[in-house]
Amino acid sequence: MTTHTIAFFDRVESALHDDSLQTALGRATTRFIGNRASAVAAVNDFEALRDRARAIRAGALARLDELLARLADMIERRGGHVCWAEDGAAARQYIIDLTQQRGVHTIVKSKSMASEEIHLNEALEHAGLDVIETDLGEYIIQLAGETPSHIIAPAIHKTREQVRDLFVEHLGMTPTDDIPTMTRTARTALRQRFLQADMGISGVNFGVANEGAIVIVENEGNARLTTTAPRIHVAIMGIERICENLDDLGVLLQVLARSATGQRLSVYTSVISGPRRPHEPDGPDEFHLVLLDNRRSDIIGGGYAEALMCIRCGACLNACPVYQSIGGHAYGGVYSGPIGAILTPLLQPELPDVHKLPHASSLCGACEWACPVKIAIPDLLLRLRADAVKNGKYEPYEPLAMFGWRQAMTNPALYGMGGKLASLGTRMLGRDGRVGWLPPPLDQWTKQRDFPAFAPKTFTELWEERKRAGS
Amino acid sequence: MRSRSLRLKQKGHVMTAQPRRRVALFVSCIVDQIYPAVGLATAELLERQGVEVTVPRGLTCCGQMAFNAGFRDDAYAVAGRTIEVLRHQGDVVLPSGSCGAMIRHLYHELFHGTRHAAAAKELAARTYELTEYLVDVLGVSDVGARFSGTIAFHDACHGMRYMGLGRQARVLLEHVAGATIVPLPGSDECCGFGGLFAVKQHQISEAMLHRKLAHIDQCGCDVLVTGDTSCMTQIAGGLSRAKSRVRACHIAEVLANRVER
């Protein structure tokens with residue numbers, strides 16, 4: 001039941017009326033925002049840290065080819081394999097080929113937005129493979145047959161009661177609302193899978209070029225098992241997720257954990273630089289790094305390059321009043337929230353109606369203020385809106401409305417006349433200066449709000465009168 | 001740095017040791033057409049500080065509506081004209097953080113690499129929002145206002161995030177004689193206006209408005225004050241539909257004693 005299409009405007013209404021969703025979102029985003037605020041306040045100068053993180057991201061993007069080559073070289077020298085995947089299809093094919101060559105039947109996965117982006121699970125299942133998500137949130141939504149609704153908390157839209165029902169149905173749990181019992185049930189079911197699996201697939205939080213290593217942060221320990229227990233480990237990394245050295249990594253990890261969950265550091269930070277070496281007792285026999293481009297190299301030179309600075313912390317989702325209202329699924333893409341409204345049109349421009357997504361914002365700027373690398377999200381949304389218009393994508397009434405507006409605003413006589421008409425109209429429709437109904441398309445305003453009547457005399461007229469009266 | 005003049009306070013008026021200040025008042029299209037009283041209150045507040053207020057002929061709109069909708073050619077035509085009208089007009093003051101942010105923050109994007117680029121930059125450097133001008137430029141904190149009742153302040157997003165506003169309004173409100181300022185929970189959360197967003201995405205806009213109204217109800221204020229007539233339109237529209245006793249006002253109206261309890 002993967003969502004490949006955007007139907008943003010159909011989903012909004014149902015999201016707003018979904019009581020469970022509203023409860024879950026309210027609880028979770030409030031908790032995330034609170035935790036982030038205390039974690040940020042505990043840092044001496046978080047602003048300076050954000051500036052450093054931004055500079056690090058910008059620097060890495062400017063030398064992306066060089067850093068990626070260094071990372072790939074070192075991994076290959078340690079016996080790892082690197083796949084340069086131009087798009088999702090290439091990445092999927094590489095992994096499916098690998099499963100066939102190595103006789104893989106069961107796969108455990110730890111959380112990876114890049115794998116969601118290329119709809120990997122669907123492809124693997126189609127190829128007859130048994131795939132299990134091991135991050136608790138991902139596991140829950142896999143049982144529910146859904147997609148993640150948040151970058152770092154995929155099951156944020158589920159209440160504890162809904163999770164209970166899923167576990168009762170799929171895992172035979174005795175009904176209980178006790179969270180430790182529920183997590184124990186999941187853990188028991190998953191532990192078996194880790195031991196059986198032939199292949200573990202993980203995401204990557206950061207590549208570190210000088211170390212030839214990838215870094216994965218998590219809180220549950222499932223990623224550590226995914227990357228060590230099965231005989232093959234495949235890591236999927238968006239090519240932009242790289243930094244040069246461990247100093248840079250330190251800064252990025254600090255802002256990531258604080259912005260994402262309000263932690264000083266995630267519980268587990270794994271640094272992986274290749275397969276098990278001969279003298280090491282544990283670890284996979286094979287290590288494969290899939291470097292996923294999927295249009296990123298097209299974005300890098302243009303006006304949206306800044307979007308690639310994103311470190312996938314999810315802070316902009318939590319801070320966004322639109323996300324708080326409708327949750328992630330309504331966005332209809334893999335990435336949701338403010339950054340999703342930018343990434344989805346850039347990464348999947350072929351989706352129908354995707355140009356409408358950047359309009360899912362009041363441009364309040366809360367996202368930009370929460371962003372650990374200060375991505376100017378509203379400015380990018382505005383650019384996407386402008387590009388859509390340039391490509392002829394707009395509401396049917398808009399060109400005429402804009403033409404009329406432009407004529408009125410550049411011609412004082414027309415402006416005065418238009419104002420007089422609006423004043424007459426709104427005063428006729430209204431009572432005591434409040435208008436309870438406006439004709440379409442402005443009736444969208446008056447459904448739940450009154451509109452003010454235009455004034456009988458404009459400020460300009462009153463000012464002229466005052467000047468004439470010589471006050 | 002912006003210079004500050006030496007001030008001598010006398011009965012709420014200011015005499016300066018420097019030549020009289022002169023500002024061009026740009027009230028915005030919404031104030032001009034819908035809330036002229038806000039424009040008059042703004043002029044009065046500035047004049048009471050000894051500032052000479054002029055209103056350049058032919059001013060209409062900053063162009064934000066079309067810019068936000070993605071119609072940059074139309075925004076360019078309107079905003080380019082506004083730049084021309086405001087040329088050589090000295091400091092520009094607006095009773096709006098949103099229009100102010102458009103000029104200070106977004107004109108750069110709109111006019112980047114065009115023939116207006118230099119003029120846009122020059123205009124941005126002499127553009128101020130009203131409370132910013134009063135507090136940061138003139139150094140005023142008490143404008144001699146009175147109001148008996150409780151006031152809550154809503155931070156309008158653009159002004160707060162792109163012009164650094166909020167502190168100035170609170171300083172001015174704290175000096176309103178007789179008024180009690182109560183904190184508005186989530187005062188920095190968007191009211192859901194967002195220009196055409198309020199119409200195109202009206203269900204989300206309404207959900208955001210209802211959270212704002214709940215917070216207003218919770219704080220028990222008589223008057224909800226904000227620095228932007230756009231937020232004021234959204235919030236007042238919700239308050240009046242809900243038949244609330246609370247009124248939404250622009251800060252200039254409170255400061256110029258134009259709000260009766």
# chains A, B, ... in the order shown; residues from 1 in each chain; ligands from 1

$ closest_atom_pairs --of "range 165-225 of chain B" --to "range 137-154 of chain B" --cutoff "10 Å" --atoms "only C-alpha atoms" --output "JSON lines"
{"residue": "B:Gly166", "atom": "CA", "partner": "B:His154", "partner_atom": "CA", "distance": 8.6}
{"residue": "B:Gln168", "atom": "CA", "partner": "B:Ser141", "partner_atom": "CA", "distance": 8.2}
{"residue": "B:Ala169", "atom": "CA", "partner": "B:Phe153", "partner_atom": "CA", "distance": 8.2}
{"residue": "B:Arg170", "atom": "CA", "partner": "B:Phe153", "partner_atom": "CA", "distance": 7.6}
{"residue": "B:Val171", "atom": "CA", "partner": "B:Ser141", "partner_atom": "CA", "distance": 6.0}
{"residue": "B:Leu172", "atom": "CA", "partner": "B:Ser141", "partner_atom": "CA", "distance": 5.1}
{"residue": "B:Leu173", "atom": "CA", "partner": "B:Ile151", "partner_atom": "CA", "distance": 8.2}
{"residue": "B:Glu174", "atom": "CA", "partner": "B:Asp142", "partner_atom": "CA", "distance": 8.4}
{"residue": "B:His175", "atom": "CA", "partner": "B:Asp142", "partner_atom": "CA", "distance": 5.3}
{"residue": "B:Val176", "atom": "CA", "partner": "B:Ala145", "partner_atom": "CA", "distance": 5.0}
{"residue": "B:Ala177", "atom": "CA", "partner": "B:Arg146", "partner_atom": "CA", "distance": 4.5}
{"residue": "B:Gly178", "atom": "CA", "partner": "B:Ser148", "partner_atom": "CA", "distance": 4.8}
{"residue": "B:Ala179", "atom": "CA", "partner": "B:Ser148", "partner_atom": "CA", "distance": 5.1}
{"residue": "B:Thr180", "atom": "CA", "partner": "B:Thr150", "partner_atom": "CA", "distance": 4.6}
{"residue": "B:Ile181", "atom": "CA", "partner": "B:Ile151", "partner_atom": "CA", "distance": 4.8}
{"residue": "B:Val182", "atom": "CA", "partner": "B:Ala152", "partner_atom": "CA", "distance": 5.2}
{"residue": "B:Pro183", "atom": "CA", "partner": "B:Ala152", "partner_atom": "CA", "distance": 6.0}
{"residue": "B:Leu184", "atom": "CA", "partner": "B:Ala152", "partner_atom": "CA", "distance": 5.6}
{"residue": "B:Pro185", "atom": "CA", "partner": "B:His154", "partner_atom": "CA", "distance": 9.3}
{"residue": "B:Gly186", "atom": "CA", "partner": "B:His154", "partner_atom": "CA", "distance": 8.5}
{"residue": "B:Ser187", "atom": "CA", "partner": "B:His154", "partner_atom": "CA", "distance": 4.9}
{"residue": "B:Asp188", "atom": "CA", "partner": "B:His154", "partner_atom": "CA", "distance": 6.8}
{"residue": "B:Glu189", "atom": "CA", "partner": "B:His154", "partner_atom": "CA", "distance": 8.4}
{"residue": "B:Cys190", "atom": "CA", "partner": "B:His154", "partner_atom": "CA", "distance": 9.0}
{"residue": "B:Cys191", "atom": "CA", "partner": "B:His154", "partner_atom": "CA", "distance": 8.7}
{"residue": "B:Lys212", "atom": "CA", "partner": "B:His154", "partner_atom": "CA", "distance": 9.2}
{"residue": "B:Ile216", "atom": "CA", "partner": "B:Ala152", "partner_atom": "CA", "distance": 7.8}
{"residue": "B:Cys219", "atom": "CA", "partner": "B:Ala152", "partner_atom": "CA", "distance": 7.6}
{"residue": "B:Gly220", "atom": "CA", "partner": "B:Thr150", "partner_atom": "CA", "distance": 7.8}
{"residue": "B:Cys221", "atom": "CA", "partner": "B:Thr150", "partner_atom": "CA", "distance": 5.0}
{"residue": "B:Asp222", "atom": "CA", "partner": "B:Thr150", "partner_atom": "CA", "distance": 5.2}
{"residue": "B:Val223", "atom": "CA", "partner": "B:Ile151", "partner_atom": "CA", "distance": 5.0}
{"residue": "B:Leu224", "atom": "CA", "partner": "B:Ala152", "partner_atom": "CA", "distance": 5.0}
{"residue": "B:Val225", "atom": "CA", "partner": "B:Phe153", "partner_atom": "CA", "distance": 4.8}

$ residues_around --residues "Leu384 in chain A" --least-positions-apart "4" --cutoff "7 Å" --atoms "only C-alpha atoms" --output "compact mmCIF listing (two decimals) with N, CA and C atoms, in the first residue's frame"
# COMPACT_ATOMS: atom_id res chain seq x y z
N PRO A 358 4.12 22.72 -2.47
CA PRO A 358 4.71 23.90 -1.83
C PRO A 358 3.68 24.92 -1.33
N LEU A 380 12.56 28.62 -0.28
CA LEU A 380 12.59 27.56 -1.29
C LEU A 380 11.17 27.20 -1.73
N ALA A 388 6.57 26.61 -10.65
CA ALA A 388 5.34 25.95 -11.11
C ALA A 388 4.55 26.90 -12.01

$ residues_around --residues "range 58-62 of chain B" --least-positions-apart "4" --cutoff "9 Å" --atoms "only C-alpha atoms" --output "MDAnalysis selection string"
(chainID A and resid 408:412 415) or (chainID B and resid 26:30 32 75 78:83 85:86 99:100 102:103)

$ interface_residues --of "chain B" --to "chain A" --cutoff "6 Å" --atoms "only C-alpha atoms" --output "list in words"
Asp32, Gln33, Ile34, Pro36, Gly58, Thr60, Gly70, Asp74, Val78, Cys157, Gly194, Phe197, Val199, Gly237, Gly238 and Arg241 of chain B

$ write_last_selection --atoms "N, CA and C atoms" --output "compact mmCIF listing (two decimals), in the first residue's frame"
# COMPACT_ATOMS: atom_id res chain seq x y z
N ASP B 32 -5.13 50.60 3.86
CA ASP B 32 -5.72 51.67 3.05
C ASP B 32 -7.19 51.37 2.77
N GLN B 33 -7.47 50.15 2.36
CA GLN B 33 -8.83 49.83 1.91
C GLN B 33 -9.77 49.38 3.02
N ILE B 34 -9.22 48.68 4.01
CA ILE B 34 -10.11 48.06 5.01
C ILE B 34 -10.00 48.72 6.38
N PRO B 36 -8.56 51.96 7.52
CA PRO B 36 -7.92 53.29 7.46
C PRO B 36 -7.60 53.84 8.85
N GLY B 58 0.23 57.78 -4.61
CA GLY B 58 0.19 56.65 -5.53
C GLY B 58 0.69 55.33 -4.96
N THR B 60 0.47 51.81 -3.34
CA THR B 60 -0.62 50.84 -3.26
C THR B 60 -0.24 49.63 -2.40
N GLY B 70 3.41 32.82 -6.35
CA GLY B 70 4.32 32.33 -7.38
C GLY B 70 4.28 33.15 -8.66
N ASP B 74 4.00 39.49 -11.99
CA ASP B 74 3.02 40.45 -11.48
C ASP B 74 3.54 41.12 -10.22
N VAL B 78 4.32 45.27 -9.62
CA VAL B 78 3.75 46.05 -8.51
C VAL B 78 4.85 46.53 -7.57
N CYS B 157 4.02 36.25 12.34
CA CYS B 157 5.19 35.44 11.96
C CYS B 157 6.27 36.21 11.21
N GLY B 194 -1.60 33.54 6.29
CA GLY B 194 -0.76 33.09 5.17
C GLY B 194 -1.20 33.52 3.79
N PHE B 197 -3.16 31.22 1.22
CA PHE B 197 -3.23 29.97 1.98
C PHE B 197 -4.57 29.88 2.72
N VAL B 199 -7.36 30.79 1.88
CA VAL B 199 -8.46 30.43 1.00
C VAL B 199 -8.19 29.08 0.32
N GLY B 237 -11.89 37.65 12.38
CA GLY B 237 -12.93 36.90 11.65
C GLY B 237 -13.38 35.68 12.42
N GLY B 238 -12.42 35.04 13.09
CA GLY B 238 -12.75 33.88 13.91
C GLY B 238 -13.46 34.28 15.19
N ARG B 241 -17.04 35.33 14.41
CA ARG B 241 -17.87 34.19 14.06
C ARG B 241 -18.23 33.38 15.31

$ select_by_dssp --residues "range 113-217 of chain A" --states "strand (DSSP E)" --output "list in words"
Asp130, Val131, Ile132, Glu133, Met199, Gly200, Ile201, Ser202, Phe206, Gly207, Val208, Ala213, Ile214, Val215, Ile216 and Val217 of chain A

$ closest_residue --among "A:Val267, A:Ile140, A:Leu124, A:Ile201" --to "Pro154 in chain A" --atoms "only C-alpha atoms"
A:Ile140

$ residues_around --residues "range 160-172 of chain A" --least-positions-apart "4" --cutoff "12 Å" --atoms "only C-alpha atoms" --output "JSON, numbers by chain"
{"A": [20, 21, 23, 24, 27, 28, 136, 137, 138, 139, 140, 141, 142, 143, 144, 145, 155, 156, 176, 177, 178, 179, 180, 181, 182, 183, 184, 185, 186, 187, 188, 189, 190]}

$ atom_distance --atom1 "CA of Leu45 in chain B" --atom2 "CA of Arg22 in chain B"
13.2 Å

$ select_by_dssp --residues "range 228-371 of chain A" --states "helix (DSSP H, G or I)" --output "MDAnalysis selection string"
chainID A and resid 228 246:260 296:299 305:309 315:319 321:326 329:331 337:347 354:359 366:370

$ closest_residue --among "A:Gly470, A:Gly425, A:Gly88, A:Gly314" --to "Thr261 in chain A" --atoms "only C-alpha atoms"
A:Gly314

$ closest_residue --among "B:Gln89, B:Ser96, B:Gln201, B:Gln64" --to "Val31 in chain B" --atoms "only C-alpha atoms"
B:Ser96

$ atom_distance --atom1 "CA of Tyr94 in chain A" --atom2 "CA of Ile214 in chain A"
19.2 Å
